[in-house]
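For reference, the structure is listed below as structure tokens.
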Amino acid sequence: MKTKNEKKKYYKILEELDRYRKKDFTFSSGHILGSMCTQPHAIAKMGYIKFLESNLGDPELFPGTKEIESKLITFISDLLHAPKSAMGQIISGGTEGNITAMWLAKRLTEKKEIIIPKSAHFSFQKIASLMDMKLIPVPLNENYCMDIAKAKDKICNNTAAVLGIAGSTELGTIDPIPELSEICFDENIFFHVDAAFGGFVIPFLNELCYDVPDFDFKLKGVSTISIDAHKMGYSAIPLGILVSRNEKWLEKISVESHCISSKSQAGILGTRSGGPVAAAYAVTRYLGRNGYKKVVENCMNTTKYVEERVTEMGLPLVIKPTINVLGVKIKKLPEVVSNLSKKGWKVNKIDHLSCIRIVIMPHITKKIIDEFIPILKKTCKELGEI
Ligand SMILES: Cc1ncc(COP(=O)(O)O)c(C=O)c1O
């Protein structure tokens, strides 16, 4: 900044930004109870800023960032028990992960039908529209998971892929991935696992002796897995990873890339910031597997606490939580949600299940829950819900 006027302008703009930011809800307040994102770990913020200008779309210019990217992919691939033949690529998150996986399935099979559980994330609607593919929805069983027999019935000559969810968006349920993997392996069907949310939870639940099914590359029928560091990976938006069982598959979604330092480029994006990659790498290095295990343990303890507190209030759950996501049944759903919002608390509303979704992310502590429960109770009483 050269002149006094430039300095003045600079600070005025920063003040303006602060005014807009003040309108936002913040994770640090603890009042965002329904999001699958969280306040990034402190080290993520530092890492992000350091790599603000680096572009992974032009890797020769940023070999240091590229190295970090490889190390992050190795951490995730190991977490998911990926075989040596596997290949990981950074994506912006679960939506891009699902799109890229289905693009791959379409190019490998030249087929168009995707068999999805009814609980699939809405990104599959985008996939159908973008890539002219057809969604074949499968009903859920009594546990809100994909019905295996009904899924098997839908497999036909047009099937490009089957989707299984490891940590669903609405209730955090885990589809019967081992059984689906077996079926897909036997029938030679591409099987994508959407672990955008559960990918950073389920491996640690296993270590904490919770009863959860296998969901990763240990299962021979699993073709691709997407997992998000900006959800339970405790890092900054946007950062996901798609891991494919076979590195050679990526040729199917690669194009020659002129004018930049790499000969070819796979995936959807071109220019990609190194910021979120450095942030996620820093968090994985700082927390390591033991750190993540502790994060998950805390989230699960708080989930249990919420379960007890809401049920003693007389509000039933849709199902017993599998992971750190709760669906709390509410009859007067729009009224309760908007009333909570007016009081400064944000929960998500799931109309077709008539429930609110509470996601116990790392920023939600028991102390926050102790503040929230009396407000929920008061709101429900005022509206005649309980
Ligand atoms: C299971 C699942 N898949 C995919 C997505 C999409 O992720 P994103 O919004 O980061 O693209 C979500 C988002 O909540 C999700 O829960």
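Naming works like this for the structure tokens: A, B, ... for the chains as they're shown, residue 1 at the start of each chain, ligands 1 onward in shown order.
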*Protein and nucleic acid residues within 6 Å of ligand 1 (only C-alpha atoms and all ligand atoms) as a PyMOL selection string*: chain A and resi 36+93-95+121+167-169+194+196-197
_Taking 5 positions as the minimum chain separation for residues in the same chain, which residues sit within 9 Å of Ile323 of chain A when counting only C-alpha atoms? Answer as a PyMOL selection string._
chain A and resi 167+171-174+198+201-202+205+299-300+303
*Within segment 78-244 of chain A, find each residue whose DSSP state, derived from the backbone, is strand (DSSP E), and express the selection as an MDAnalysis selection string.*
chainID A and resid 87:91 113:117 134:138 159:165 190:195 224:228 240:244
For the contact check between segment 29-108 of chain A and segment 233-252 of chain A, emit one row per residue of segment 29-108 of chain A within 8 Å, containing the shortest atom pair and the distance in Å rounded to one decimal, counting only C-alpha atoms, chain then rising number order, as a tab-separated table.
residue	atom	partner	partner_atom	distance
A:Cys37	CA	A:Tyr234	CA	7.9
A:Thr38	CA	A:Tyr234	CA	6.6
A:Gln39	CA	A:Tyr234	CA	7.3
A:Pro40	CA	A:Ser235	CA	4.6
A:His41	CA	A:Tyr234	CA	5.8
A:Ala44	CA	A:Ser235	CA	5.8
A:Lys45	CA	A:Ala236	CA	7.3
A:Tyr48	CA	A:Ala236	CA	7.9
A:Ile73	CA	A:Ile241	CA	7.4
A:Ile76	CA	A:Ile241	CA	7.8
A:Ser77	CA	A:Val243	CA	6.9
A:Ala82	CA	A:Arg245	CA	6.8
A:Pro83	CA	A:Arg245	CA	6.8
A:Ser85	CA	A:Asn246	CA	5.2
A:Ala86	CA	A:Arg245	CA	4.4
A:Met87	CA	A:Glu247	CA	4.6
A:Gly88	CA	A:Val243	CA	4.1
A:Gln89	CA	A:Leu242	CA	5.4
A:Ile90	CA	A:Ile241	CA	4.6
A:Ile91	CA	A:Gly240	CA	4.9
A:Ser92	CA	A:Leu239	CA	4.8
A:Gly93	CA	A:Gly240	CA	4.2
A:Gly94	CA	A:Gly240	CA	6.4
A:Gly97	CA	A:Leu242	CA	5.6
A:Ala101	CA	A:Leu242	CA	7.7
A:Leu104	CA	A:Lys252	CA	6.6
A:Arg107	CA	A:Lys252	CA	6.2
A:Leu108	CA	A:Lys252	CA	7.0
*For Pro176 of chain A, list every protein, DNA or RNA residue within 12 Å, evaluated using only C-alpha atoms, and leave out those in the same chain fewer than 2 positions away; present the list as a count of residues only.*
31
*From the DSSP assignment of the backbone, select every residue of segment 122-352 of chain A that is alpha helix (DSSP H), and format the answer as a PyMOL selection string.*
chain A and resi 123-131+148-154+177-187+202-207+275-312+333-342
*When you draw a straight line from atom CA of Lys220 of chain A to atom CA of Glu187 of chain A, how long is it in Å?*
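That distance, rounded to one decimal, is 12.3 Å.
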